[in-house]
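Enquirer: Structure below; questions to follow.
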Amino acid sequence: MSKILWNLVLAAPAIIGAGYVNAAQAETLNQGVVAEPTAATEQHETIVAQAVPSASPATDNSQILNQINSYSVEGRGNSLDQVTSVSQFSDVKPTDWAYQALKSLVERYGCIVGYPDKTYRGNRALTRWEFAAGLNACLDKIQELIAAATADFVRKEDLETVKKLQEQFAAELASLRGRVDALEVRTATLEKQQFSTTTKLAGEAIFAIADTWGDSATVRGNGRPIPGTIAEDRTETIFANRVRLSLNSSFSGKDLLRLRLQARNVTPFSGAGLTGTQETRLSFDGNENNSVFIDKAFYRFPVGQNLRIQIDATNAEIYDGIISTLSPFESSGQGAISRFGRFNPIYRANNPGNTGSAGISFDLKLGDFGALQGGYFAGPNSNDPSIKNGLFNGAYAALGQLVLRPMKTLDIGFTYVNAYYPGNQVNVTGSTGTGFAINPFTGQTVGRVANFGRALSSENYGIQLQWRVTPAITVGGWYGYTMAYRKSNNDFAEIQNWAAFLGFPDLGGKGNLGGLLFGQTPRVTNTRFRPSGANNALRTQDYEAPLQLEAFYRYRVNDNISITPGVFVLFSPEGNSTNNTQYVGVIRTTFTF
């Protein structure tokens, strides 16, 4: 007998033992002494090789993948443990009739594995598929022994038994190997055709129909007229869109590089020719005539277990990153329908743009008690090297925030933002609230934010609360206080806003969201500034509170489509009850993929 044949038959006792033990199990089952697995252990069950149900030739791809995965994980993962001694099995005793056969398989050939709880479960049922998988595992062991040129005792009868077993289970072994080959072919095809091994494409498209009702605001918060306005409803129903495509890349599995393209044509409901106020703006508006541009470019990565850092190359929005706003209505595509209703406006303090606005932010977890967050966000000209621009000599916002979690369902945030605006970039409240609140030292702005004004700095304080009372009810709100300082003298302006909300997650079905919000949009409550000229006795102050009531319901059609009808009402727009109440209605359909 040649040396190779000698080595081949060397492992025959392993095959014989496996067949002997498994046949004995089947006989025991016929006698009605099967030990049923418990519910807690069913999900981890594995014997010589992983078990799968018998399958017809028409078994679909997902079933094949599951079967092949089951066969291939023997000795790995959390579902089973390799043992080196039969004594490691807590349910196997020397008095068991198959003890010696099992001992040989475990200690001599390493062809048997056990469960994580160190049991073997010898009374468990065995299928032909399981036996074929076990036989395949032992044949692999034979090849290892041949390759290692191991020498030991062998008998001719053992070799004959191996041959008979191979013949008896030839169909099952051929099917198993055929499926593995087919899976390898499919995997190779996918690898060749995939876009990237590190990048995934994600998209969002919004189709919206919207309109406003009610006459345009015509007077400011201090009673002075708004130039160019007429007390009539001057808006028409619109149908518009916003499309975003994101390339999300990860190089370690924990980091994220995002490049986002955007195109939109949602003309804001604002300006002297429309509503006379910025308070009627939608959460997703903006109009670049559907020109495609890079809307977002950032890289986020962890440092250790508790710290995350994000570096933005452009359009670093405080609220669209790792800084928590503590609002369930934050998303412009899935949350509130109004600009004000999304979150506390102080998170818009940096007034970013798409040409520059670089920034860096961090999120440091404080165990289960909360997080410390902060960042520095440069202005729209952070990419401009000219005087009074760049990263540190132009507009900026520096933020610090402490988020406390006294219990798992309650989050409380304390926020401070220090900001600076050059004279041509003043937009204190991020285009929310009254014109005086947006630009407190030049008078009201209408339409797009004024490109003129006096340089100012601001200190912004906010407190946010979100309490998940039950899985189906969330309550919360925010309060924001801003003190703006004119840089050329000692003029100041106090700006305040607040809101309370009710959220109803999964209302009427999983993935749905009902929302109610009532609050005061940003307004100037006190100021020393008086515009020059004949009307210098009138301060630029909003003497009445502009209030907003909003209701919306997001209905999830399926995993990729949601429809959100909603309406919000403005009382005393521009902080003056002389202005008519205005209504804004929208039906927003959001597609995600």
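Within each chain, counting starts at residue 1; across the structure tokens, chains are named A, B, ... in the order shown, with ligands numbered 1 upward in that order.
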Just the residues within 10 Å of Asp411 of chain A, please, counting only C-alpha atoms, with nothing from its chain fewer than 5 positions along; format it as a PyMOL selection string.
Expert: chain A and resi 326+369-370+403-406+464-468+476
Enquirer: For those residues, write C-alpha atoms to a file as a short mmCIF file (atom, residue, chain, number, x, y, z; two decimals), in the first residue's frame.
Expert:
```cif
data_model
loop_
_atom_site.label_atom_id
_atom_site.label_comp_id
_atom_site.auth_asym_id
_atom_site.auth_seq_id
_atom_site.Cartn_x
_atom_site.Cartn_y
_atom_site.Cartn_z
CA LEU A 326 -33.00 67.52 20.12
CA PHE A 369 -25.24 60.62 31.02
CA GLY A 370 -24.99 62.68 27.85
CA VAL A 403 -26.49 67.39 26.28
CA LEU A 404 -27.66 65.73 29.47
CA ARG A 405 -29.61 62.49 29.67
CA PRO A 406 -30.92 62.09 33.23
CA GLN A 464 -33.79 72.30 24.23
CA LEU A 465 -35.79 69.45 25.73
CA GLN A 466 -37.07 66.21 24.28
CA TRP A 467 -38.95 63.65 26.38
CA ARG A 468 -40.13 60.35 24.92
CA GLY A 476 -40.54 68.87 24.08
#
```
Enquirer: Please identify all polymer residues within 9 Å of Leu201 of chain A, counting only C-alpha atoms, omitting same-chain residues fewer than 6 positions from it, and present them as an MDAnalysis selection string.
Expert: chainID A and resid 195 245:249 593
Enquirer: Which residues are close to Ala500 of chain A, i.e. within 6 Å by only C-alpha atoms, leaving aside same-chain residues fewer than 6 positions away? Reply as a ChimeraX atom specification.
Expert: /A:476-477,517-518
Enquirer: Would you save the residues from that selection as a PDB file, in the first residue's frame, using N, CA and C atoms?
Expert:
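The result, stored in selection21.pdb:
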```pdb
ATOM      1  N   GLY A 476     -41.771  68.096  23.911  1.00  0.00           N
ATOM      2  CA  GLY A 476     -40.541  68.867  24.080  1.00  0.00           C
ATOM      3  C   GLY A 476     -40.718  70.294  23.606  1.00  0.00           C
ATOM      4  N   GLY A 477     -39.585  70.943  23.453  1.00  0.00           N
ATOM      5  CA  GLY A 477     -39.612  72.323  22.997  1.00  0.00           C
ATOM      6  C   GLY A 477     -38.252  72.969  23.129  1.00  0.00           C
ATOM      7  N   LEU A 517     -46.962  71.759  16.573  1.00  0.00           N
ATOM      8  CA  LEU A 517     -45.989  72.713  17.113  1.00  0.00           C
ATOM      9  C   LEU A 517     -46.656  74.074  17.245  1.00  0.00           C
ATOM     10  N   PHE A 518     -46.360  74.749  18.359  1.00  0.00           N
ATOM     11  CA  PHE A 518     -46.837  76.116  18.563  1.00  0.00           C
ATOM     12  C   PHE A 518     -45.701  76.908  19.182  1.00  0.00           C
TER      13      PHE A 518
END
```
Enquirer: Could you name the residues that touch Ser332 of chain A at 10 Å or less, counting only C-alpha atoms, but leaving out those on the same chain fewer than 5 positions away, as a VMD selection string?
Expert: chain A and resid 206 282 to 285 337 to 339 341 to 342
Enquirer: Residues of segment 517-555 of chain A within 7 Å of segment 564-569 of chain A: nearest atom pair and distance (Å, one decimal) for each, counting only C-alpha atoms, sorted by chain and number, as JSON lines?
Expert:
```
{"residue": "A:Gln548", "atom": "CA", "partner": "A:Val569", "partner_atom": "CA", "distance": 5.6}
{"residue": "A:Leu549", "atom": "CA", "partner": "A:Val569", "partner_atom": "CA", "distance": 5.2}
{"residue": "A:Glu550", "atom": "CA", "partner": "A:Phe568", "partner_atom": "CA", "distance": 4.1}
{"residue": "A:Ala551", "atom": "CA", "partner": "A:Gly566", "partner_atom": "CA", "distance": 5.7}
{"residue": "A:Phe552", "atom": "CA", "partner": "A:Gly566", "partner_atom": "CA", "distance": 3.9}
{"residue": "A:Tyr553", "atom": "CA", "partner": "A:Thr564", "partner_atom": "CA", "distance": 5.5}
{"residue": "A:Arg554", "atom": "CA", "partner": "A:Thr564", "partner_atom": "CA", "distance": 4.2}
{"residue": "A:Tyr555", "atom": "CA", "partner": "A:Thr564", "partner_atom": "CA", "distance": 6.1}
```
Enquirer: For Glu317 of chain A, find every residue with an atom within 9 Å (counting only C-alpha atoms), except residues of its own chain fewer than 2 positions away, and show them as a list in words.
Expert: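 Contacts, in chain order: Asp312, Thr314, Asn315, Tyr319, Asp320, Gly321, Tyr347, Arg348, Asn350, Asn351, Pro352, Gly353, Ser357, Gly359 and Phe377 of chain A.
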Enquirer: Pull N, CA and C atoms from the residues just selected and write them as a PDB file, in the first residue's frame.
Expert:
```pdb
ATOM      1  N   ASP A 312     -15.825  69.641   7.756  1.00  0.00           N
ATOM      2  CA  ASP A 312     -16.613  70.035   6.593  1.00  0.00           C
ATOM      3  C   ASP A 312     -15.768  70.895   5.661  1.00  0.00           C
ATOM      4  N   THR A 314     -17.306  72.304   2.862  1.00  0.00           N
ATOM      5  CA  THR A 314     -18.212  73.341   2.365  1.00  0.00           C
ATOM      6  C   THR A 314     -19.578  73.188   3.008  1.00  0.00           C
ATOM      7  N   ASN A 315     -20.295  74.292   3.120  1.00  0.00           N
ATOM      8  CA  ASN A 315     -21.667  74.312   3.638  1.00  0.00           C
ATOM      9  C   ASN A 315     -21.791  73.587   4.977  1.00  0.00           C
ATOM     10  N   TYR A 319     -26.551  72.237  12.249  1.00  0.00           N
ATOM     11  CA  TYR A 319     -27.601  71.261  12.542  1.00  0.00           C
ATOM     12  C   TYR A 319     -27.521  70.002  11.688  1.00  0.00           C
ATOM     13  N   ASP A 320     -26.715  70.006  10.644  1.00  0.00           N
ATOM     14  CA  ASP A 320     -26.660  68.860   9.737  1.00  0.00           C
ATOM     15  C   ASP A 320     -25.312  68.164   9.875  1.00  0.00           C
ATOM     16  N   GLY A 321     -25.085  67.606  11.062  1.00  0.00           N
ATOM     17  CA  GLY A 321     -23.823  66.935  11.323  1.00  0.00           C
ATOM     18  C   GLY A 321     -23.922  66.134  12.603  1.00  0.00           C
ATOM     19  N   TYR A 347     -29.382  77.355  15.907  1.00  0.00           N
ATOM     20  CA  TYR A 347     -28.514  76.437  15.174  1.00  0.00           C
ATOM     21  C   TYR A 347     -28.243  76.916  13.749  1.00  0.00           C
ATOM     22  N   ARG A 348     -28.878  78.002  13.336  1.00  0.00           N
ATOM     23  CA  ARG A 348     -28.613  78.586  12.026  1.00  0.00           C
ATOM     24  C   ARG A 348     -27.685  79.798  12.134  1.00  0.00           C
ATOM     25  N   ASN A 350     -24.590  80.364  12.024  1.00  0.00           N
ATOM     26  CA  ASN A 350     -23.411  80.556  11.181  1.00  0.00           C
ATOM     27  C   ASN A 350     -23.764  80.961   9.753  1.00  0.00           C
ATOM     28  N   ASN A 351     -25.059  80.851   9.346  1.00  0.00           N
ATOM     29  CA  ASN A 351     -25.488  81.328   8.030  1.00  0.00           C
ATOM     30  C   ASN A 351     -24.556  80.843   6.925  1.00  0.00           C
ATOM     31  N   PRO A 352     -24.467  79.517   6.691  1.00  0.00           N
ATOM     32  CA  PRO A 352     -23.477  78.981   5.750  1.00  0.00           C
ATOM     33  C   PRO A 352     -23.862  79.212   4.295  1.00  0.00           C
ATOM     34  N   GLY A 353     -22.901  78.977   3.406  1.00  0.00           N
ATOM     35  CA  GLY A 353     -23.118  79.058   1.964  1.00  0.00           C
ATOM     36  C   GLY A 353     -22.434  77.906   1.263  1.00  0.00           C
ATOM     37  N   SER A 357     -17.757  78.181   3.766  1.00  0.00           N
ATOM     38  CA  SER A 357     -18.367  77.675   5.009  1.00  0.00           C
ATOM     39  C   SER A 357     -17.767  76.347   5.447  1.00  0.00           C
ATOM     40  N   GLY A 359     -15.737  73.988   8.236  1.00  0.00           N
ATOM     41  CA  GLY A 359     -15.908  73.904   9.684  1.00  0.00           C
ATOM     42  C   GLY A 359     -15.401  72.600  10.250  1.00  0.00           C
ATOM     43  N   PHE A 377     -17.300  77.103  12.910  1.00  0.00           N
ATOM     44  CA  PHE A 377     -17.877  77.117  11.571  1.00  0.00           C
ATOM     45  C   PHE A 377     -17.582  78.466  10.917  1.00  0.00           C
TER      46      PHE A 377
END
```
